[in-house]
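Data from protein.cif: mmCIF, C-alpha atoms and all ligand atoms
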```
data_data
loop_
_atom_site.label_atom_id
_atom_site.label_comp_id
_atom_site.auth_asym_id
_atom_site.auth_seq_id
_atom_site.Cartn_x
_atom_site.Cartn_y
_atom_site.Cartn_z
CA MET A 1 0.00 0.00 0.00
CA SER A 2 2.60 2.52 1.09
CA TYR A 3 4.51 1.79 -2.14
CA ILE A 4 1.62 2.92 -4.34
CA ILE A 5 0.91 6.04 -2.34
CA LEU A 6 4.56 7.10 -2.58
CA HIS A 7 4.54 6.92 -6.36
CA LEU A 8 1.36 8.95 -6.92
CA PRO A 9 2.19 12.51 -7.99
CA ILE A 10 0.69 15.09 -5.63
CA SER A 11 -1.59 17.34 -7.67
CA SER A 12 -1.24 21.09 -7.37
CA SER A 13 -4.93 21.51 -6.56
CA GLY A 14 -4.40 19.39 -3.46
CA GLY A 15 -7.15 16.99 -4.44
CA GLY A 16 -4.93 13.94 -4.07
CA ILE A 17 -6.23 10.74 -5.64
CA LEU A 18 -9.83 11.99 -5.88
CA GLY A 19 -8.84 15.30 -7.39
CA GLN A 20 -6.87 13.55 -10.11
CA LYS A 21 -9.75 11.28 -11.07
CA VAL A 22 -12.09 14.22 -11.50
CA ALA A 23 -9.48 16.12 -13.45
CA LYS A 24 -8.94 13.16 -15.77
CA CYS A 25 -12.63 12.94 -16.58
CA LYS A 26 -12.85 16.64 -17.22
CA GLU A 27 -9.90 16.53 -19.59
CA LYS A 28 -11.40 13.78 -21.69
CA LEU A 29 -14.82 15.34 -22.10
CA ILE A 30 -14.04 16.15 -25.73
CA PHE A 31 -13.18 12.51 -26.44
CA PRO A 32 -14.85 10.82 -23.49
CA SER A 33 -13.46 7.44 -22.59
CA ALA A 34 -15.80 4.55 -21.77
CA ALA A 35 -15.16 5.05 -18.05
CA CYS A 36 -16.10 8.72 -18.21
CA VAL A 37 -19.23 8.10 -20.29
CA ASN A 38 -20.31 5.37 -17.92
CA SER A 39 -19.89 7.54 -14.86
CA GLN A 40 -21.99 10.22 -16.55
CA LEU A 41 -24.75 7.77 -17.49
CA VAL A 42 -25.08 6.31 -14.03
CA LYS A 43 -26.29 9.58 -12.52
CA PRO A 44 -29.43 10.11 -14.63
CA LYS A 45 -30.34 6.43 -14.18
CA PHE A 46 -30.25 6.88 -10.43
CA GLY A 47 -32.40 10.01 -10.82
CA LEU A 48 -34.99 8.08 -12.83
CA TYR A 49 -34.98 5.28 -10.26
CA ARG A 50 -35.61 7.77 -7.47
CA PHE A 51 -38.31 9.46 -9.53
CA LEU A 52 -40.08 6.11 -10.07
CA MET A 53 -39.77 5.30 -6.37
CA VAL A 54 -41.39 8.62 -5.47
CA ILE A 55 -44.24 7.95 -7.94
CA ILE A 56 -44.79 4.45 -6.55
CA VAL A 57 -44.87 5.76 -2.98
CA VAL A 58 -47.30 8.55 -3.94
CA LEU A 59 -49.60 6.10 -5.78
CA PHE A 60 -49.45 3.76 -2.80
CA LEU A 61 -50.42 6.56 -0.42
CA ILE A 62 -53.27 7.71 -2.66
CA SER A 63 -54.70 4.20 -3.01
CA THR A 64 -54.37 3.58 0.73
CA PHE A 65 -56.24 6.81 1.34
CA LEU A 66 -59.00 5.90 -1.16
CA ILE A 67 -59.41 2.39 0.23
CA THR A 68 -59.59 3.70 3.81
CA PHE A 69 -62.08 6.34 2.69
CA HIS A 70 -64.20 3.71 0.95
CA LEU A 71 -64.09 1.34 3.92
CA ALA A 72 -65.06 4.18 6.25
CA LYS A 73 -68.08 4.91 4.05
CA MET A 74 -68.98 1.23 3.85
CA SER A 75 -68.96 1.00 7.63
CA ASP A 76 -71.55 3.77 7.93
CA PRO A 77 -74.47 1.85 9.52
CA TYR A 78 -77.16 3.56 7.40
CA ILE A 79 -75.35 2.88 4.10
CA LYS A 80 -74.52 -0.67 5.17
CA GLU A 81 -78.14 -1.42 6.00
CA VAL A 82 -79.49 0.10 2.77
CA LEU A 83 -76.99 -1.81 0.63
CA SER A 84 -77.95 -5.07 2.33
CA LEU A 85 -81.60 -4.68 1.29
CA GLN A 86 -83.24 -5.67 -1.97
CA GLY A 87 -84.95 -2.61 -3.48
CA ASN A 88 -88.24 -2.57 -5.35
CA VAL A 89 -88.29 -0.49 -8.55
CA SER A 90 -92.02 0.34 -8.63
CA ARG A 91 -92.02 1.40 -4.98
CA GLY A 92 -88.92 3.43 -5.75
CA TYR A 93 -90.82 5.09 -8.60
CA GLU A 94 -93.68 6.01 -6.22
CA ILE A 95 -91.32 7.46 -3.63
CA PHE A 96 -89.61 9.39 -6.41
CA GLN A 97 -92.92 10.86 -7.64
CA ILE A 98 -93.80 12.11 -4.16
CA ASN A 99 -90.40 13.46 -3.11
CA CYS A 100 -88.26 14.12 -6.13
CA ALA A 101 -90.32 14.56 -9.31
CA ALA A 102 -91.15 18.21 -8.57
CA CYS A 103 -87.52 19.08 -9.17
CA HIS A 104 -86.20 16.22 -11.27
CA GLY A 105 -89.26 15.72 -13.47
CA GLN A 106 -91.85 12.97 -13.62
CA PHE A 107 -89.49 10.81 -15.65
CA ALA A 108 -86.37 12.07 -13.90
CA ASP A 109 -85.53 13.99 -17.05
CA GLY A 110 -84.80 17.22 -15.19
CA ILE A 111 -86.60 20.48 -14.28
CA VAL A 112 -84.95 22.47 -11.46
CA GLY A 113 -82.78 19.51 -10.63
CA PRO A 114 -80.69 17.86 -13.36
CA SER A 115 -81.82 14.90 -15.42
CA LEU A 116 -81.02 11.70 -13.57
CA GLU A 117 -80.69 9.56 -16.65
CA ASP A 118 -77.44 7.60 -16.44
CA VAL A 119 -76.81 9.03 -12.98
CA SER A 120 -75.65 5.66 -11.68
CA HIS A 121 -72.95 5.65 -14.36
CA ARG A 122 -71.64 8.89 -12.91
CA LYS A 123 -72.10 8.11 -9.24
CA SER A 124 -71.48 5.04 -7.11
CA ARG A 125 -74.26 3.54 -5.00
CA ILE A 126 -72.69 5.09 -1.93
CA SER A 127 -72.60 8.58 -3.44
CA LEU A 128 -76.19 8.22 -4.66
CA ILE A 129 -77.28 7.45 -1.10
CA GLU A 130 -75.22 10.34 0.21
CA GLN A 131 -76.69 12.67 -2.40
CA VAL A 132 -80.18 11.93 -1.06
CA ILE A 133 -79.44 12.00 2.67
CA SER A 134 -76.71 14.63 2.97
CA GLY A 135 -78.36 17.88 1.86
CA LYS A 136 -74.94 19.07 0.73
CA THR A 137 -76.11 20.39 -2.63
CA PRO A 138 -78.85 22.94 -2.08
CA PRO A 139 -81.55 23.57 -3.22
CA MET A 140 -81.91 19.79 -3.06
CA PRO A 141 -83.15 19.15 0.46
CA LYS A 142 -81.88 16.59 2.91
CA PHE A 143 -84.07 13.48 2.90
CA GLN A 144 -84.30 10.90 5.64
CA PRO A 145 -85.92 7.88 4.03
CA ASP A 146 -86.01 4.67 6.04
CA TYR A 147 -83.68 1.89 4.93
CA GLN A 148 -86.18 0.16 2.69
CA ALA A 149 -87.38 3.39 1.03
CA MET A 150 -83.77 4.33 0.30
CA ALA A 151 -83.08 0.88 -1.13
CA ASP A 152 -86.17 1.24 -3.36
CA LEU A 153 -85.09 4.69 -4.52
CA LEU A 154 -81.63 3.37 -5.25
CA VAL A 155 -82.85 0.61 -7.58
CA TYR A 156 -85.17 3.10 -9.25
CA LEU A 157 -82.21 5.46 -9.89
CA GLU A 158 -80.07 2.59 -11.12
CA ASN A 159 -82.85 1.41 -13.36
CA LEU A 160 -82.97 4.82 -15.07
CA SER A 161 -79.57 4.09 -16.56
CA LYS A 162 -80.54 0.78 -18.10
CA ASN A 163 -83.02 2.27 -20.55
C1 LIG A 201 -85.85 21.16 -4.38
C2 LIG A 201 -85.48 20.45 -5.56
C3 LIG A 201 -84.98 19.03 -5.46
C4 LIG A 201 -85.61 17.94 -4.90
C5 LIG A 201 -86.96 17.90 -4.18
C6 LIG A 201 -84.75 16.82 -5.13
N1 LIG A 201 -83.62 17.22 -5.80
FE1 LIG A 201 -82.08 16.01 -6.39
N2 LIG A 201 -81.09 17.63 -7.07
C7 LIG A 201 -81.58 18.93 -7.09
C8 LIG A 201 -80.55 19.80 -7.59
C9 LIG A 201 -80.66 21.31 -7.80
C10 LIG A 201 -79.44 18.98 -7.90
C11 LIG A 201 -78.07 19.40 -8.42
C12 LIG A 201 -77.21 19.67 -7.20
C13 LIG A 201 -75.80 20.03 -7.54
O1 LIG A 201 -75.06 19.10 -7.93
O2 LIG A 201 -75.46 21.18 -7.42
C14 LIG A 201 -79.83 17.63 -7.55
C15 LIG A 201 -78.98 16.53 -7.71
C16 LIG A 201 -79.40 15.23 -7.54
C17 LIG A 201 -78.61 14.07 -7.85
C18 LIG A 201 -77.19 14.08 -8.43
C19 LIG A 201 -77.31 14.28 -9.91
C20 LIG A 201 -75.98 14.23 -10.61
O3 LIG A 201 -76.00 14.26 -11.83
O4 LIG A 201 -74.95 14.17 -9.94
C21 LIG A 201 -79.35 12.98 -7.53
C22 LIG A 201 -78.94 11.53 -7.68
C23 LIG A 201 -80.58 13.45 -7.00
N3 LIG A 201 -80.60 14.81 -7.02
C24 LIG A 201 -81.60 12.64 -6.57
C25 LIG A 201 -82.73 13.09 -5.94
C26 LIG A 201 -83.71 12.22 -5.33
C27 LIG A 201 -83.64 10.71 -5.32
C28 LIG A 201 -84.66 13.04 -4.80
C29 LIG A 201 -85.86 12.62 -4.00
C30 LIG A 201 -85.64 11.82 -2.83
C31 LIG A 201 -84.28 14.41 -5.09
N4 LIG A 201 -83.11 14.40 -5.78
C32 LIG A 201 -85.02 15.52 -4.74
C33 LIG A 201 -82.82 19.35 -6.69
C34 LIG A 201 -83.73 18.56 -6.03
#
```

Go ahead and express the file in the form of structure tokens.
Ligand code: HEC
Amino acid sequence: MSYIILHLPISSSGGGILGQKVAKCKEKLIFPSAACVNSQLVKPKFGLYRFLMVIIVVLFLISTFLITFHLAKMSDPYIKEVLSLQGNVSRGYEIFQINCAACHGQFADGIVGPSLEDVSHRKSRISLIEQVISGKTPPMPKFQPDYQAMADLLVYLENLSKN
């Protein structure tokens, strides 16, 4: 070991072994040797790897958040109970005529409220239930149908999309 160190010329910049390696690479930039090219290619690869890792972590966090959010909604006792029931379309139609048709039209084709055709393509069952019971989008009022009435309304709304 000591033999090699003794025979290395001490560079004027004081960089020692490291300083010389960097200097060598800089010198050869015009005609880069394989070693220099390789050392330049490694860096962007590492950057891409890190970038992909960050994306994977972000996607993982987003999906974890969405799954937790969905599970939290599913565990809502009202939603759980409604989803467990079998709805009846014609009863759903009657409930709709009494409570909703004034705004959404007799055939749910829209008056004050928007047309509800294809609404179940746009919204999940959970968000349809929430739309009815939350009162978050005035002027649509907050409804409090019992479990069965909500299940009936839900099949009626879903049935609108099949035609
Ligand atoms: C006072 C009028 C009114 C009544 C009554 C009403 N709605 Fe609405 N509804 C609206 C309005 C206005 C919107 C649009 C809200 C928004 O997104 O800003 C809406 C939106 C909706 C949506 C979402 C539509 C979409 O494209 O995202 C659904 C589903 C819905 N209503 C169902 C019902 C049901 C079922 C009833 C009866 C239980 C009902 N509504 C009663 C006015 C009403």

Which residues of chain A have any atom within 6 Å of an atom in ligand LIG 201 (chain A) when counting only C-alpha atoms and all ligand atoms, and what is the closest pair of atoms for each, with the distance in Å to one decimal? Order the rows by chain and rising number and write it as JSON lines.
```
{"residue": "A:Phe96", "atom": "CA", "partner": "A:LIG201", "partner_atom": "C29", "distance": 5.5}
{"residue": "A:Asn99", "atom": "CA", "partner": "A:LIG201", "partner_atom": "C29", "distance": 4.7}
{"residue": "A:Cys100", "atom": "CA", "partner": "A:LIG201", "partner_atom": "C29", "distance": 3.5}
{"residue": "A:Cys103", "atom": "CA", "partner": "A:LIG201", "partner_atom": "C2", "distance": 4.4}
{"residue": "A:Val112", "atom": "CA", "partner": "A:LIG201", "partner_atom": "C9", "distance": 5.8}
{"residue": "A:Gly113", "atom": "CA", "partner": "A:LIG201", "partner_atom": "C8", "distance": 3.8}
{"residue": "A:Pro114", "atom": "CA", "partner": "A:LIG201", "partner_atom": "C10", "distance": 5.7}
{"residue": "A:Leu116", "atom": "CA", "partner": "A:LIG201", "partner_atom": "C19", "distance": 5.8}
{"residue": "A:Val119", "atom": "CA", "partner": "A:LIG201", "partner_atom": "O3", "distance": 5.4}
{"residue": "A:Leu128", "atom": "CA", "partner": "A:LIG201", "partner_atom": "C22", "distance": 5.3}
{"residue": "A:Gln131", "atom": "CA", "partner": "A:LIG201", "partner_atom": "C21", "distance": 5.8}
{"residue": "A:Val132", "atom": "CA", "partner": "A:LIG201", "partner_atom": "C26", "distance": 5.5}
{"residue": "A:Thr137", "atom": "CA", "partner": "A:LIG201", "partner_atom": "C12", "distance": 4.8}
{"residue": "A:Pro139", "atom": "CA", "partner": "A:LIG201", "partner_atom": "C1", "distance": 5.1}
{"residue": "A:Met140", "atom": "CA", "partner": "A:LIG201", "partner_atom": "C34", "distance": 3.7}
{"residue": "A:Pro141", "atom": "CA", "partner": "A:LIG201", "partner_atom": "C1", "distance": 5.9}
```

TODO: Name all residues at most 12 Å from Asn159 in chain A (count all atoms listed in the file; drop same-chain ones fewer than 5 positions away) and give them as an MDAnalysis selection string.
DONE: chainID A and resid 87:90 92:93 107:108 116:121 152:154

- [ ] Select, from A:Ser124, A:Val155, A:Ser161, A:Gln144, the residue with the minimum atom-to-atom distance to Met74 in chain A, counting all atoms listed in the file.
- [x] A:Ser124

- [ ] Could you please determine the separation between CA of Ala102 in chain A and CA of Asp76 in chain A in Å, to one decimal place?
- [x]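 Distance reported for this atom pair: 29.4 Å.
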
Task: Polymer residues at most 12 Å from (-75.9, 4.2, 5.1) by only C-alpha atoms, as a ChimeraX atom specification - done: /A:72-85,125-134,144-148,150-151,154

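Note that CA of Gln106 in chain A and CA of Leu157 in chain A are 12.8 Å apart.
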
- [ ] One decimal, Å: what's the distance from CA of Arg91 in chain A over to CA of Asp109 in chain A, could you say?
- [x]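 Separation of CA of Arg91 in chain A and CA of Asp109 in chain A: 18.6 Å.
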
Could you complete range 106-124 of chain A so that it carries N, CA and C atoms, and give it back as an mmCIF file, in the coordinates of the input?
```cif
data_model
loop_
_atom_site.group_PDB
_atom_site.id
_atom_site.type_symbol
_atom_site.label_atom_id
_atom_site.label_comp_id
_atom_site.auth_asym_id
_atom_site.auth_seq_id
_atom_site.Cartn_x
_atom_site.Cartn_y
_atom_site.Cartn_z
ATOM 1 N N GLN A 106 -91.095 14.213 -13.822
ATOM 2 C CA GLN A 106 -91.850 12.970 -13.620
ATOM 3 C C GLN A 106 -91.056 11.757 -14.079
ATOM 4 N N PHE A 107 -90.287 11.935 -15.141
ATOM 5 C CA PHE A 107 -89.490 10.810 -15.650
ATOM 6 C C PHE A 107 -88.002 11.000 -15.349
ATOM 7 N N ALA A 108 -87.750 11.797 -14.325
ATOM 8 C CA ALA A 108 -86.370 12.070 -13.900
ATOM 9 C C ALA A 108 -85.542 12.683 -15.029
ATOM 10 N N ASP A 109 -86.257 13.410 -15.923
ATOM 11 C CA ASP A 109 -85.530 13.990 -17.050
ATOM 12 C C ASP A 109 -85.115 15.446 -16.806
ATOM 13 N N GLY A 110 -85.345 15.916 -15.567
ATOM 14 C CA GLY A 110 -84.800 17.220 -15.190
ATOM 15 C C GLY A 110 -85.757 18.387 -15.318
ATOM 16 N N ILE A 111 -85.891 19.193 -14.238
ATOM 17 C CA ILE A 111 -86.600 20.480 -14.280
ATOM 18 C C ILE A 111 -85.663 21.472 -13.584
ATOM 19 N N VAL A 112 -85.875 21.648 -12.247
ATOM 20 C CA VAL A 112 -84.950 22.470 -11.460
ATOM 21 C C VAL A 112 -83.674 21.655 -11.227
ATOM 22 N N GLY A 113 -83.905 20.424 -10.828
ATOM 23 C CA GLY A 113 -82.780 19.510 -10.630
ATOM 24 C C GLY A 113 -82.390 18.909 -11.968
ATOM 25 N N PRO A 114 -81.172 18.425 -12.085
ATOM 26 C CA PRO A 114 -80.690 17.860 -13.360
ATOM 27 C C PRO A 114 -81.398 16.553 -13.722
ATOM 28 N N SER A 115 -81.317 16.196 -14.988
ATOM 29 C CA SER A 115 -81.820 14.900 -15.420
ATOM 30 C C SER A 115 -81.014 13.808 -14.723
ATOM 31 N N LEU A 116 -81.718 12.774 -14.299
ATOM 32 C CA LEU A 116 -81.020 11.700 -13.570
ATOM 33 C C LEU A 116 -80.791 10.466 -14.441
ATOM 34 N N GLU A 117 -80.996 10.666 -15.743
ATOM 35 C CA GLU A 117 -80.690 9.560 -16.650
ATOM 36 C C GLU A 117 -79.203 9.247 -16.552
ATOM 37 N N ASP A 118 -78.852 8.020 -16.520
ATOM 38 C CA ASP A 118 -77.440 7.600 -16.440
ATOM 39 C C ASP A 118 -76.717 8.055 -15.187
ATOM 40 N N VAL A 119 -77.487 8.498 -14.176
ATOM 41 C CA VAL A 119 -76.810 9.030 -12.980
ATOM 42 C C VAL A 119 -75.969 7.957 -12.285
ATOM 43 N N SER A 120 -76.417 6.699 -12.375
ATOM 44 C CA SER A 120 -75.650 5.660 -11.680
ATOM 45 C C SER A 120 -74.383 5.285 -12.437
ATOM 46 N N HIS A 121 -74.245 5.814 -13.673
ATOM 47 C CA HIS A 121 -72.950 5.650 -14.360
ATOM 48 C C HIS A 121 -71.955 6.676 -13.833
ATOM 49 N N ARG A 122 -72.513 7.812 -13.403
ATOM 50 C CA ARG A 122 -71.640 8.890 -12.910
ATOM 51 C C ARG A 122 -71.322 8.733 -11.439
ATOM 52 N N LYS A 123 -72.276 8.178 -10.688
ATOM 53 C CA LYS A 123 -72.100 8.110 -9.240
ATOM 54 C C LYS A 123 -72.207 6.671 -8.740
ATOM 55 N N SER A 124 -71.419 6.373 -7.714
ATOM 56 C CA SER A 124 -71.480 5.040 -7.110
ATOM 57 C C SER A 124 -72.749 4.933 -6.262
#
```
